[in-house]
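Novice: Dropping in target_1.pdb, with PDB, C-alpha atoms and all ligand atoms.
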ATOM      1  CA  MET M   1      43.119  22.193 -17.221
ATOM      2  CA  GLY M   2      40.326  19.665 -17.802
ATOM      3  CA  ILE M   3      39.125  17.184 -15.207
ATOM      4  CA  GLY M   4      41.235  14.043 -14.969
ATOM      5  CA  ILE M   5      40.162  10.671 -16.269
ATOM      6  CA  ILE M   6      39.783   9.241 -12.736
ATOM      7  CA  THR M   7      37.492  12.150 -11.803
ATOM      8  CA  SER M   8      35.474  11.631 -14.975
ATOM      9  CA  ILE M   9      35.031   7.924 -14.234
ATOM     10  CA  LEU M  10      34.063   8.690 -10.641
ATOM     11  CA  LEU M  11      31.497  11.226 -11.831
ATOM     12  CA  LEU M  12      30.039   8.696 -14.259
ATOM     13  CA  VAL M  13      29.799   6.089 -11.494
ATOM     14  CA  ILE M  14      28.035   8.603  -9.216
ATOM     15  CA  ILE M  15      25.608   9.590 -11.992
ATOM     16  CA  TRP M  16      24.930   5.902 -12.707
ATOM     17  CA  TYR M  17      24.185   5.220  -9.030
ATOM     18  CA  VAL M  18      21.892   8.219  -8.706
ATOM     19  CA  TYR M  19      20.094   7.386 -11.941
ATOM     20  CA  ASN M  20      19.635   3.790 -10.803
ATOM     21  CA  ASP M  21      18.570   4.838  -7.324
ATOM     22  CA  ARG M  22      21.475   2.809  -5.871
ATOM     23  CA  CYS M  23      19.736  -0.391  -6.898
ATOM     24  CA  VAL M  24      21.775  -3.130  -8.517
ATOM     25  CA  VAL M  25      19.773  -5.226 -10.964
ATOM     26  CA  LEU M  26      20.789  -8.878 -10.679
ATOM     27  CA  LYS M  27      18.468 -10.389 -13.311
ATOM     28  CA  ARG M  28      15.744  -9.374 -15.706
ATOM     29  CA  TYR M  29      12.631 -11.263 -16.772
ATOM     30  CA  ALA M  30      10.581 -10.052 -19.744
ATOM     31  CA  LEU M  31       6.822 -10.424 -19.262
ATOM     32  CA  PRO M  32       4.072  -9.372 -21.712
ATOM     33  CA  TYR M  33       3.301  -6.205 -19.743
ATOM     34  CA  GLY M  34       6.814  -5.184 -18.718
ATOM     35  CA  THR M  35      10.162  -6.150 -17.263
ATOM     36  CA  ILE M  36      10.783  -7.659 -13.842
ATOM     37  CA  GLU M  37      14.080  -6.511 -12.388
ATOM     38  CA  ILE M  38      15.409  -8.740  -9.640
ATOM     39  CA  VAL M  39      17.199  -6.558  -7.092
ATOM     40  CA  ASP M  40      18.925  -7.233  -3.808
ATOM     41  CA  GLN M  41      17.781  -6.389  -0.306
ATOM     42  CA  SER M  42      19.559  -3.009  -0.310
ATOM     43  CA  CYS M  43      17.239  -1.676  -3.046
ATOM     44  CA  HIS M  44      14.474   0.138  -1.131
ATOM     45  CA  GLU M  45      14.966  -2.454   1.625
ATOM     46  CA  GLY M  46      13.864  -5.161  -0.783
ATOM     47  CA  LEU M  47      10.306  -3.834  -0.959
ATOM     48  CA  PRO M  48       8.597  -4.520  -4.309
ATOM     49  CA  HIS M  49       7.999  -1.340  -6.301
ATOM     50  CA  THR M  50       7.767   0.058  -9.824
ATOM     51  CA  TRP M  51      10.566   2.049 -11.367
ATOM     52  CA  SER M  52       9.058   3.212 -14.667
ATOM     53  CA  PRO M  53       5.812   2.598 -16.599
ATOM     54  CA  SER M  54       7.217  -0.813 -17.595
ATOM     55  CA  ILE M  55       9.572  -1.915 -14.787
ATOM     56  CA  ILE M  56       8.667  -3.806 -11.587
ATOM     57  CA  ARG M  57      11.417  -4.495  -9.081
ATOM     58  CA  MET M  58      11.455  -7.209  -6.441
ATOM     59  CA  THR M  59      13.899  -9.481  -4.682
ATOM     60  CA  GLU M  60      14.647 -13.027  -5.755
ATOM     61  CA  SER M  61      13.016 -14.374  -2.605
ATOM     62  CA  ASP M  62       9.750 -12.528  -3.370
ATOM     63  CA  TRP M  63       9.923 -13.732  -6.980
ATOM     64  CA  ASN M  64      10.250 -17.326  -5.761
ATOM     65  CA  SER M  65       7.626 -17.017  -3.023
ATOM     66  CA  SER M  66       3.930 -17.859  -2.977
ATOM     67  CA  ARG M  67       3.284 -14.093  -2.771
ATOM     68  CA  ARG M  68       4.600 -13.531  -6.289
ATOM     69  CA  ASP M  69       1.201 -13.396  -8.033
ATOM     70  CA  SER M  70      -0.367 -10.993  -5.569
ATOM     71  CA  ILE M  71       2.760  -8.790  -5.642
ATOM     72  CA  LEU M  72       2.587  -8.701  -9.430
ATOM     73  CA  ARG M  73      -1.145  -7.886  -9.390
ATOM     74  CA  HIS M  74      -0.485  -5.013  -7.000
ATOM     75  CA  GLU M  75       2.540  -3.654  -8.866
ATOM     76  CA  ARG M  76       0.788  -3.915 -12.244
ATOM     77  CA  VAL M  77      -1.767  -1.415 -10.943
ATOM     78  CA  HIS M  78       1.156   0.943 -10.233
ATOM     79  CA  LEU M  79       2.419   0.415 -13.809
ATOM     80  CA  ARG M  80      -0.982   1.501 -15.114
ATOM     81  CA  GLN M  81      -0.941   4.540 -12.825
ATOM     82  CA  ARG M  82       2.456   5.505 -14.238
ATOM     83  CA  THR M  83       1.304   4.930 -17.829
ATOM     84  CA  GLU M  84      -1.847   7.068 -17.563
ATOM     85  CA  PRO M  85      -1.241   9.468 -14.669
ATOM     86  CA  GLU M  86      -3.838  12.020 -15.806
ATOM     87  CA  ALA M  87      -6.658   9.464 -16.105
ATOM     88  CA  TRP M  88      -6.009   8.235 -12.557
ATOM     89  CA  ARG M  89      -5.718  11.758 -11.183
ATOM     90  CA  ASN M  90      -9.039  12.658 -12.799
ATOM     91  CA  PHE M  91     -10.679   9.621 -11.239
ATOM     92  CA  TYR M  92      -9.271  10.374  -7.776
ATOM     93  CA  ARG M  93     -10.409  13.987  -8.093
ATOM     94  CA  SER M  94     -13.946  13.384  -9.331
ATOM     95  CA  GLU M  95     -14.824  10.110  -7.562
ATOM     96  CA  TRP M  96     -12.681   9.935  -4.427
ATOM     97  CA  GLY M  97     -12.141  13.639  -3.629
ATOM     98  CA  TYR M  98      -8.336  13.478  -3.731
ATOM     99  CA  GLU M  99      -5.698  15.787  -5.115
ATOM    100  CA  PHE M 100      -2.045  15.081  -4.613
ATOM    101  CA  THR M 101       0.979  17.324  -4.724
ATOM    102  CA  LYS M 102       4.726  17.030  -4.928
ATOM    103  CA  GLN M 103       5.199  19.870  -2.452
ATOM    104  CA  PRO M 104       3.673  19.610   1.033
ATOM    105  CA  PRO M 105       0.633  21.826   1.558
ATOM    106  CA  PRO M 106       1.546  24.924   3.621
ATOM    107  CA  GLY M 107       1.213  24.803   7.388
ATOM    108  CA  ILE M 108       2.585  21.319   8.138
ATOM    109  CA  PRO M 109       5.399  21.736  10.704
ATOM    110  CA  PRO M 110       8.966  20.936   9.541
ATOM    111  CA  HIS M 111       9.390  18.014  11.969
ATOM    112  CA  TRP M 112       6.647  16.166  10.077
ATOM    113  CA  LEU M 113       8.007  17.119   6.670
ATOM    114  CA  GLU M 114      11.465  15.749   7.303
ATOM    115  CA  ARG M 115      10.038  12.402   8.432
ATOM    116  CA  LEU M 116       8.138  11.758   5.177
ATOM    117  CA  ARG M 117       8.750   8.137   4.196
ATOM    118  CA  PRO M 118       9.409   8.058   0.430
ATOM    119  CA  ASN M 119       7.585   5.622  -1.842
ATOM    120  CA  PRO M 120       8.587   5.210  -5.520
ATOM    121  CA  ASP M 121       4.979   4.282  -6.376
ATOM    122  CA  THR M 122       3.598   7.614  -5.162
ATOM    123  CA  ALA M 123       6.574   9.827  -6.028
ATOM    124  CA  ASP M 124       4.538  11.872  -8.535
ATOM    125  CA  GLY M 125       2.728  13.461  -5.577
ATOM    126  CA  PRO M 126       3.323  11.982  -2.121
ATOM    127  CA  TRP M 127       1.028  14.452  -0.305
ATOM    128  CA  ALA M 128      -2.557  13.258  -0.758
ATOM    129  CA  VAL M 129      -5.151  15.909   0.092
ATOM    130  CA  TRP M 130      -8.677  14.619   0.665
ATOM    131  CA  ARG M 131     -11.685  16.919   0.245
ATOM    132  CA  GLY M 132      -9.343  19.911   0.286
ATOM    133  CA  ARG M 133      -8.872  19.561   4.032
ATOM    134  CA  TYR M 134      -7.157  16.365   5.164
ATOM    135  CA  VAL M 135      -3.575  15.648   4.112
ATOM    136  CA  PHE M 136      -2.597  11.963   4.261
ATOM    137  CA  PHE M 137       1.114  11.160   4.403
ATOM    138  CA  PRO M 138       3.407   8.374   5.692
ATOM    139  CA  THR M 139       6.298   8.959   8.074
ATOM    140  CA  TYR M 140       9.137   6.816   9.345
ATOM    141  CA  ARG M 141       8.087   5.158  12.568
ATOM    142  CA  ASP M 142      11.504   5.017  14.223
ATOM    143  CA  ALA M 143      14.889   6.726  14.286
ATOM    144  CA  LYS M 144      16.376   4.051  12.018
ATOM    145  CA  ARG M 145      14.189   5.425   9.224
ATOM    146  CA  SER M 146      13.198   2.011   7.998
ATOM    147  CA  LEU M 147      10.972   2.088   4.909
ATOM    148  CA  ARG M 148       9.109  -0.960   6.178
ATOM    149  CA  SER M 149       7.731   0.555   9.360
ATOM    150  CA  ALA M 150       5.710   3.616   8.502
ATOM    151  CA  ASN M 151       2.867   5.423  10.218
ATOM    152  CA  VAL M 152       0.206   7.190   8.203
ATOM    153  CA  HIS M 153      -0.838  10.577   9.542
ATOM    154  CA  VAL M 154      -3.701  12.905   8.706
ATOM    155  CA  TRP M 155      -3.075  16.659   8.891
ATOM    156  CA  ASP M 156      -6.153  18.882   9.137
ATOM    157  CA  VAL M 157      -5.436  22.108   7.258
ATOM    158  CA  LEU M 158      -8.295  23.911   9.073
ATOM    159  CA  LYS M 159      -7.403  22.870  12.623
ATOM    160  CA  LYS M 160      -3.671  22.949  11.759
ATOM    161  CA  GLN M 161      -2.976  19.740  13.653
ATOM    162  CA  ILE M 162      -2.702  15.970  13.265
ATOM    163  CA  VAL M 163      -6.155  14.404  13.626
ATOM    164  CA  ASP M 164      -7.733  10.946  13.648
ATOM    165  CA  ILE M 165      -8.847   9.442  10.348
ATOM    166  CA  PRO M 166     -12.148  11.196   9.571
ATOM    167  CA  GLY M 167     -15.248   9.020  10.019
ATOM    168  CA  SER M 168     -16.551  10.160   6.625
ATOM    169  CA  TRP M 169     -13.336   8.871   5.026
ATOM    170  CA  LYS M 170     -13.801   5.483   6.688
ATOM    171  CA  GLN M 171     -17.387   5.258   5.469
ATOM    172  CA  HIS M 172     -16.241   5.713   1.914
ATOM    173  CA  PHE M 173     -12.974   3.769   1.860
ATOM    174  CA  CYS M 174     -13.460   0.935   4.376
ATOM    175  CA  ASP M 175     -15.471  -2.214   3.922
ATOM    176  CA  GLY M 176     -17.193  -2.278   7.301
ATOM    177  CA  GLY M 177     -14.309  -2.522   9.770
ATOM    178  CA  ASN M 178     -11.918  -3.609   7.044
ATOM    179  CA  CYS M 179      -9.888  -0.605   5.911
ATOM    180  CA  PRO M 180      -7.097  -0.468   3.336
ATOM    181  CA  TYR M 181      -3.797  -1.247   5.004
ATOM    182  CA  GLN M 182      -1.694   1.232   3.030
ATOM    183  CA  PHE M 183      -4.099   4.145   3.110
ATOM    184  CA  GLU M 184      -1.361   6.768   2.742
ATOM    185  CA  HIS M 185      -2.191   7.525  -0.893
ATOM    186  CA  PRO M 186      -4.894   6.820  -3.493
ATOM    187  CA  HIS M 187      -2.345   4.967  -5.674
ATOM    188  CA  GLU M 188      -1.815   2.471  -2.859
ATOM    189  CA  ILE M 189      -5.502   2.284  -1.944
ATOM    190  CA  ALA M 190      -6.363   1.515  -5.584
ATOM    191  CA  ALA M 191      -3.659  -1.163  -5.860
ATOM    192  CA  GLU M 192      -4.941  -2.816  -2.681
ATOM    193  CA  TYR M 193      -8.577  -2.689  -3.777
ATOM    194  CA  ILE M 194      -7.810  -4.362  -7.096
ATOM    195  CA  THR M 195      -5.464  -6.971  -5.621
ATOM    196  CA  ASP M 196      -7.638  -7.895  -2.641
ATOM    197  CA  ASN M 197     -11.159  -7.540  -4.098
ATOM    198  CA  PHE M 198     -12.321  -4.925  -1.616
ATOM    199  CA  ASN M 199     -15.990  -4.014  -1.443
ATOM    200  CA  SER M 200     -16.091  -0.483   0.002
ATOM    201  CA  PRO M 201     -18.058   2.276  -1.804
ATOM    202  CA  ALA M 202     -14.737   3.673  -3.102
ATOM    203  CA  ALA M 203     -13.673   0.217  -4.312
ATOM    204  CA  GLN M 204     -16.987  -0.165  -6.154
ATOM    205  CA  GLN M 205     -16.438   3.186  -7.893
ATOM    206  CA  LEU M 206     -13.019   2.006  -9.011
ATOM    207  CA  ALA M 207     -14.360  -1.362 -10.209
ATOM    208  CA  GLU M 208     -16.962   0.462 -12.320
ATOM    209  CA  SER M 209     -14.515   2.966 -13.778
ATOM    210  CA  LEU M 210     -12.895   2.758 -17.181
ATOM    211  CA  LEU M 211      -9.515   2.501 -15.443
ATOM    212  CA  VAL M 212     -10.355  -1.075 -14.516
ATOM    213  CA  LYS M 213     -12.906  -2.077 -17.168
ATOM    214  CA  GLN M 214     -10.849  -1.231 -20.245
TER     215      GLN M 214
HETATM  216 ZN    ZN M 301       2.028  -0.322  -3.780
END
If you convert what's in this file into structure tokens, what do you get?
Ligand SMILES: [Zn+2]
Specialist:
Amino acid sequence: MGIGIITSILLLVIIWYVYNDRCVVLKRYALPYGTIEIVDQSCHEGLPHTWSPSIIRMTESDWNSSRRDSILRHERVHLRQRTEPEAWRNFYRSEWGYEFTKQPPPGIPPHWLERLRPNPDTADGPWAVWRGRYVFFPTYRDAKRSLRSANVHVWDVLKKQIVDIPGSWKQHFCDGGNCPYQFEHPHEIAAEYITDNFNSPAAQQLAESLLVKQ
């Protein structure tokens, strides 16, 4: 006996929801560099993000706000990262000392792993390993597991413990006392540098790279 028509429809609905990441698209705007999908607050808690190399998602209130241009500048960097992932990875590796992986590096205790706060813009490798030793990753801050309130942690693979942000990292990535806000991942650091005109040594390397000049 085959599966019934109701079951088939239910399966299709489930597949549709999973494929669409449970986000309902309310409106679409076509821009020269991609499509803006207007989503509601239940889509990744209404946080702006990219969904493919040509799709940016945000809520109607962000679209209508004075933040729209800076959100678009930031998310367009993520579109470029999705379009040319290898070029960005090569830059992070050779200039910034980062590798990132989809699987957590061995040794991080399970209670940290299960608190990883997901981010669609870094989903190609959420674990960012700096200089082969320090693993940067974001976790939920509270039991409600809100995407909006995350802590960034640094795991030292040599000491096998959570450590403070290394001073040598700050020298390279901060502009004096001004450090990137979302320092969980090089994709986010790069988007912030380009959007906010940072002037750290790492930001200067990015500004001089072909990723930005082309
Ligand atoms: Zn971002």
Novice: Pick the closest to Gly107 of chain M from M:Asp121, M:Glu95, M:Asp40, M:Asp156: which is it, counting only C-alpha atoms?
Specialist: M:Asp156
Novice: Run the PyMOL selection byres (((not hetatm)) within 12 of (chain M and resi 301)) against the file shown and list the residues it catches, as number ranges by chain.
Specialist: M: 47-51, 56-58, 70-82, 118-123, 180-195
Novice: With distances taken over only C-alpha atoms, which residue among M:Gly97, M:Pro126, M:Gly46, M:Pro106 lies nearest Ser168 of chain M?
Specialist: M:Gly97
Novice: Check what the PyMOL selection byres (((chain M and resi 132) around 10) and not hetatm) selects in the file above and give those residues as a list in words.
Specialist: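 Given this file, the PyMOL selection byres (((chain M and resi 132) around 10) and not hetatm) evaluates to Gly97, Tyr98, Glu99, Ala128, Val129, Trp130, Arg131, Arg133, Tyr134, Val135, Asp156, Val157 and Leu158 of chain M.
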Novice: Just give me the gap between atom CA of Cys43 of chain M and atom CA of Asn151 of chain M in Å, one decimal is fine.
Specialist: 20.8 Å
Novice: Would you pick out the contacts of Leu211 of chain M at 9 Å or less, using all atoms listed in the file, so that residues sharing its chain but fewer than 3 positions from it are not included, and give the list as a ChimeraX atom specification?
Specialist: /M:80,87-88,91,206-208,214
Novice: Quick one, how far is atom CA of Leu26 of chain M from atom CA of Val39 of chain M?
Specialist: 5.6 Å
